[in-house]
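Trainee: One structure follows; several queries about it will come next.
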Amino acid sequence: MPLKTTSTNAVPAFLAMAVMNASSQLEATGADVIHLELGQPSSPPPEAVNRALADALAQTSTHGYSLAFGETALRRRIAAHYADFYGVTTDPDRVVITPGSSLAFALAFLAAFDRGDRIALATPGYPAYRNLMLALGIEPVLLPARAEQGWVPDLEALAANGAPLPDGILLASPANPTGVVMSDDEVKSICEWCDRNGVRLIMDEIYHGLTFTGCPATALSFSDSAIIVNSFSKYYCMTGWRVGWAIVPPELLETVERLAQNLYIGPPRPMQAGALAAFDDYAVLDRHVERYRENRDILIRDLPETFLGDIAPSDGAFYLYADISHLGMRTPDSMALADAMLREAHVACTPGIDFDREQGHRHLRLSFAGSTADMKEASRRLNDWLPKFLAGQ
């Protein structure tokens with residue numbers, strides 16, 4: 001008799017990681033692949049971070065379990081960061097350190113929602129939100145945020161035609177894959193709308209610091225009921241370290257703590273020691289942001305307009321969301337185009353279908369988190385390859 005399977009078997013793949021795997025297999029054959037598929041900084045973290053980790057590894061006191069919410073020193077430093085960056089005072093007791101921001105979202109979903117609850121999220125958007133909700137029995141309510149809307153979702157559309165409001169809403173600014181940065185007024189308006197309508201807001205701020213038009217406000221400035229998620233992966237160049245954090249409303253803290261204790265006991269202590277030092281050198285980190293801006297400008301300048309199409313503004317993060325519908329393909333197909341780009345031009349990118357199940361076949365996400373030399377080489381390869389590919393259509 002066959003063994004039982006579960007509904008989690010139907011959770012879609014995370015295509016960006018699937019492309020990374022295919023790229024790795026191609027590189028194993030000797031191919032030189034330019035990586036535009038992952039939002040992964042090519043720069044190392046500040047040297048102070050590496051030194052702090054090395055020091056921590058030499059101390060036996062850092063080898064045991066951490067508290068479920070993380071080390072007190074790091075939680076206090078993150079609270080101080082909100083005062084330094086945003087002028088917002090927050091209690092360090094509300095700061096929860098997690099093994100990467102992905103687990104912060106899992107804690108938020110489990111603590112604030114029940115099976116069968118509905119959470120609205122912008123589309124296009126980060127696919128792991130939706131996939132994790134499906135695995136937990138939460139219904140994702142897709143809220144369009146397309147070019148004609150300035151890539152920002154319209155919350156009033158949630159109540160159109162008398163539809164019931166969702167139990168929660170998850171938004172990101174800067175956004176993945178579009179790079180759109182909401183204005184402070186837009187973030188304030190969203191927070192007020194959620195509080196007014198009894199909708200729990202989860203705000204993804206993991207790309208804060210990576211903006212090209214000034215420092216945006218945190219949703220924490222406007223709401224004490226919102227769950228704020230951030231990470232050391234992007235601005236701090238610590239992707240593989242897997243250290244994230246959440247600012248959690250007081251009424252959820254006890255539940256979140258019990259979940260953390262049972263899910264992972266506590267975040268890794270040596271990595272937290274390194275993360276503590278990440279706040280010591282903003283100047284180095286900001287130079288990386290200037291390089292990302294240069295990389296973005298190279299791709300926009302050098303890639304064909306028909307390949308980029310009606311791209312989002314990309315005022316933050318490190319992505320271009322290219323509209324390939326003007327390329328002249330018989331049928332726009334981001335999966336087929338991304339596969340051919342990798343196999344034939346050795347340039348890896350992520351199909352838009354990963355971020356938008358309805359219209360993602362018309363888009364590709366290009367990450368410009370790599371080196372400037374790679375952006376120039378990727379542009380050269382694609383300019384050489386695209387005419388040959390389109391001629392074969």
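Convention: chains lettered A, B, ... in structure tokens order; per-chain residue numbering from 1; ligands numbered from 1 as shown.
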What's around stretch 312-319 of chain A at 9 Å? Count only C-alpha atoms, leave out sequence neighbours fewer than 3 positions away in its own chain, and write the answer as a ChimeraX atom specification.

Mentor: /A:36,39,41,146-147,150-151,173-181,206-213,234-235,289,292-293,295-296,322-323,365-369

Trainee: Quick one: residues within 12 Å of A:Arg380, only C-alpha atoms counted, chain neighbours fewer than 2 positions away excluded, as a PyMOL selection string?

Mentor: chain A and resi 34+298-299+301-304+345-347+373-378+382-386

Trainee: For the selection you just gave me, I'd like the residues written to a file as a PDB file, in the first residue's frame, keeping N, CA and C atoms.

Mentor:
ATOM      1  N   ILE A  34      27.701  33.965 -16.282  1.00  0.00           N
ATOM      2  CA  ILE A  34      27.467  35.238 -15.614  1.00  0.00           C
ATOM      3  C   ILE A  34      26.175  35.105 -14.821  1.00  0.00           C
ATOM      4  N   ILE A 298      24.391  50.572 -16.170  1.00  0.00           N
ATOM      5  CA  ILE A 298      25.041  49.886 -17.295  1.00  0.00           C
ATOM      6  C   ILE A 298      24.043  49.006 -18.034  1.00  0.00           C
ATOM      7  N   LEU A 299      23.266  48.217 -17.281  1.00  0.00           N
ATOM      8  CA  LEU A 299      22.295  47.323 -17.927  1.00  0.00           C
ATOM      9  C   LEU A 299      21.224  48.116 -18.673  1.00  0.00           C
ATOM     10  N   ARG A 301      21.484  51.094 -19.910  1.00  0.00           N
ATOM     11  CA  ARG A 301      22.089  51.775 -21.059  1.00  0.00           C
ATOM     12  C   ARG A 301      22.464  50.809 -22.171  1.00  0.00           C
ATOM     13  N   ASP A 302      23.004  49.645 -21.822  1.00  0.00           N
ATOM     14  CA  ASP A 302      23.617  48.780 -22.820  1.00  0.00           C
ATOM     15  C   ASP A 302      22.707  47.688 -23.368  1.00  0.00           C
ATOM     16  N   LEU A 303      21.693  47.270 -22.623  1.00  0.00           N
ATOM     17  CA  LEU A 303      20.804  46.217 -23.132  1.00  0.00           C
ATOM     18  C   LEU A 303      19.776  46.820 -24.080  1.00  0.00           C
ATOM     19  N   PRO A 304      19.314  46.045 -25.064  1.00  0.00           N
ATOM     20  CA  PRO A 304      18.337  46.568 -26.032  1.00  0.00           C
ATOM     21  C   PRO A 304      17.039  46.996 -25.350  1.00  0.00           C
ATOM     22  N   ALA A 345      24.041  31.520 -24.174  1.00  0.00           N
ATOM     23  CA  ALA A 345      24.838  32.721 -23.905  1.00  0.00           C
ATOM     24  C   ALA A 345      25.579  32.627 -22.579  1.00  0.00           C
ATOM     25  N   HIS A 346      25.252  31.614 -21.788  1.00  0.00           N
ATOM     26  CA  HIS A 346      25.853  31.427 -20.455  1.00  0.00           C
ATOM     27  C   HIS A 346      25.631  32.645 -19.564  1.00  0.00           C
ATOM     28  N   VAL A 347      24.406  33.184 -19.657  1.00  0.00           N
ATOM     29  CA  VAL A 347      23.955  34.251 -18.764  1.00  0.00           C
ATOM     30  C   VAL A 347      22.722  33.730 -18.028  1.00  0.00           C
ATOM     31  N   ALA A 373      32.176  44.471 -13.867  1.00  0.00           N
ATOM     32  CA  ALA A 373      32.711  43.774 -15.042  1.00  0.00           C
ATOM     33  C   ALA A 373      31.719  42.733 -15.557  1.00  0.00           C
ATOM     34  N   ASP A 374      31.045  42.049 -14.647  1.00  0.00           N
ATOM     35  CA  ASP A 374      30.054  41.055 -15.053  1.00  0.00           C
ATOM     36  C   ASP A 374      28.872  41.710 -15.753  1.00  0.00           C
ATOM     37  N   MET A 375      28.456  42.885 -15.313  1.00  0.00           N
ATOM     38  CA  MET A 375      27.334  43.579 -15.966  1.00  0.00           C
ATOM     39  C   MET A 375      27.710  43.951 -17.403  1.00  0.00           C
ATOM     40  N   LYS A 376      28.931  44.392 -17.593  1.00  0.00           N
ATOM     41  CA  LYS A 376      29.379  44.750 -18.942  1.00  0.00           C
ATOM     42  C   LYS A 376      29.467  43.515 -19.829  1.00  0.00           C
ATOM     43  N   GLU A 377      29.979  42.421 -19.278  1.00  0.00           N
ATOM     44  CA  GLU A 377      30.113  41.201 -20.056  1.00  0.00           C
ATOM     45  C   GLU A 377      28.748  40.597 -20.369  1.00  0.00           C
ATOM     46  N   ALA A 378      27.834  40.641 -19.399  1.00  0.00           N
ATOM     47  CA  ALA A 378      26.483  40.128 -19.635  1.00  0.00           C
ATOM     48  C   ALA A 378      25.807  40.912 -20.749  1.00  0.00           C
ATOM     49  N   LEU A 382      24.575  39.251 -24.307  1.00  0.00           N
ATOM     50  CA  LEU A 382      23.173  39.275 -24.692  1.00  0.00           C
ATOM     51  C   LEU A 382      22.963  40.043 -25.990  1.00  0.00           C
ATOM     52  N   ASN A 383      23.715  41.110 -26.203  1.00  0.00           N
ATOM     53  CA  ASN A 383      23.611  41.837 -27.469  1.00  0.00           C
ATOM     54  C   ASN A 383      24.070  40.995 -28.645  1.00  0.00           C
ATOM     55  N   ASP A 384      25.067  40.139 -28.425  1.00  0.00           N
ATOM     56  CA  ASP A 384      25.535  39.242 -29.489  1.00  0.00           C
ATOM     57  C   ASP A 384      24.553  38.106 -29.729  1.00  0.00           C
ATOM     58  N   TRP A 385      23.961  37.613 -28.649  1.00  0.00           N
ATOM     59  CA  TRP A 385      23.149  36.387 -28.732  1.00  0.00           C
ATOM     60  C   TRP A 385      21.710  36.620 -29.148  1.00  0.00           C
ATOM     61  N   LEU A 386      21.099  37.698 -28.681  1.00  0.00           N
ATOM     62  CA  LEU A 386      19.671  37.908 -28.905  1.00  0.00           C
ATOM     63  C   LEU A 386      19.264  37.876 -30.375  1.00  0.00           C
TER      64      LEU A 386
END

Trainee: Find the spatial neighbours of A:Gly240, counting only C-alpha atoms, within a cut-off of 12 Å - ignore same-chain residues fewer than 6 positions away - and output them as JSON, numbers by chain.

Mentor: {"A": [39, 40, 41, 42, 44, 45, 99, 100, 101, 231, 232, 233, 234, 271]}

Trainee: Could those residues be written to a file, using C-alpha atoms, as a tab-separated table (two decimals), in the first residue's frame?

Mentor:
chain	number	residue	atom	x	y	z
A	39	GLY	CA	19.89	38.54	-5.25
A	40	GLN	CA	23.25	37.82	-3.71
A	41	PRO	CA	25.87	40.56	-3.19
A	42	SER	CA	29.19	39.72	-4.77
A	44	PRO	CA	32.08	40.34	1.18
A	45	PRO	CA	30.82	41.78	4.45
A	99	PRO	CA	18.19	32.04	11.19
A	100	GLY	CA	17.62	34.12	8.06
A	101	SER	CA	14.58	36.26	7.31
A	231	SER	CA	17.98	40.72	7.32
A	232	PHE	CA	21.75	40.92	7.23
A	233	SER	CA	21.75	39.23	3.81
A	234	LYS	CA	21.44	42.16	1.41
A	271	MET	CA	26.98	34.27	13.32

Trainee: Any idea what's packed within 6 Å of stretch 118-124 of chain A, counting only C-alpha atoms, ignoring anything in its chain fewer than 6 positions away? Could you give it as a PyMOL selection string?

Mentor: chain A and resi 138-145+166-170+355-356

Trainee: Could you jot down the atom CA of A:Asp195 to atom CA of A:Phe85 separation for me, Å, one decimal place?

Mentor: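 If I compute the distance from atom CA of A:Asp195 to atom CA of A:Phe85, I get 24.3 Å.
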
Trainee: Could you pull out all residues of stretch 69-148 of chain A with a DSSP call of strand (DSSP E or B) and give them as a PyMOL selection string?

Mentor: chain A and resi 95-98+118-123+139-144

Trainee: Could you pull out the alpha helix (DSSP H) residues of stretch 140-306 of chain A, going by DSSP on the backbone, and write them as a PyMOL selection string?

Mentor: chain A and resi 184-197+253-263+269-276+282-302+305-306

Trainee: For a test of reading the model, state the distance in Å between atom CA of A:Leu327 and atom CA of A:Pro12, rounded to one decimal.

Mentor: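 It comes out at 27.9 Å.
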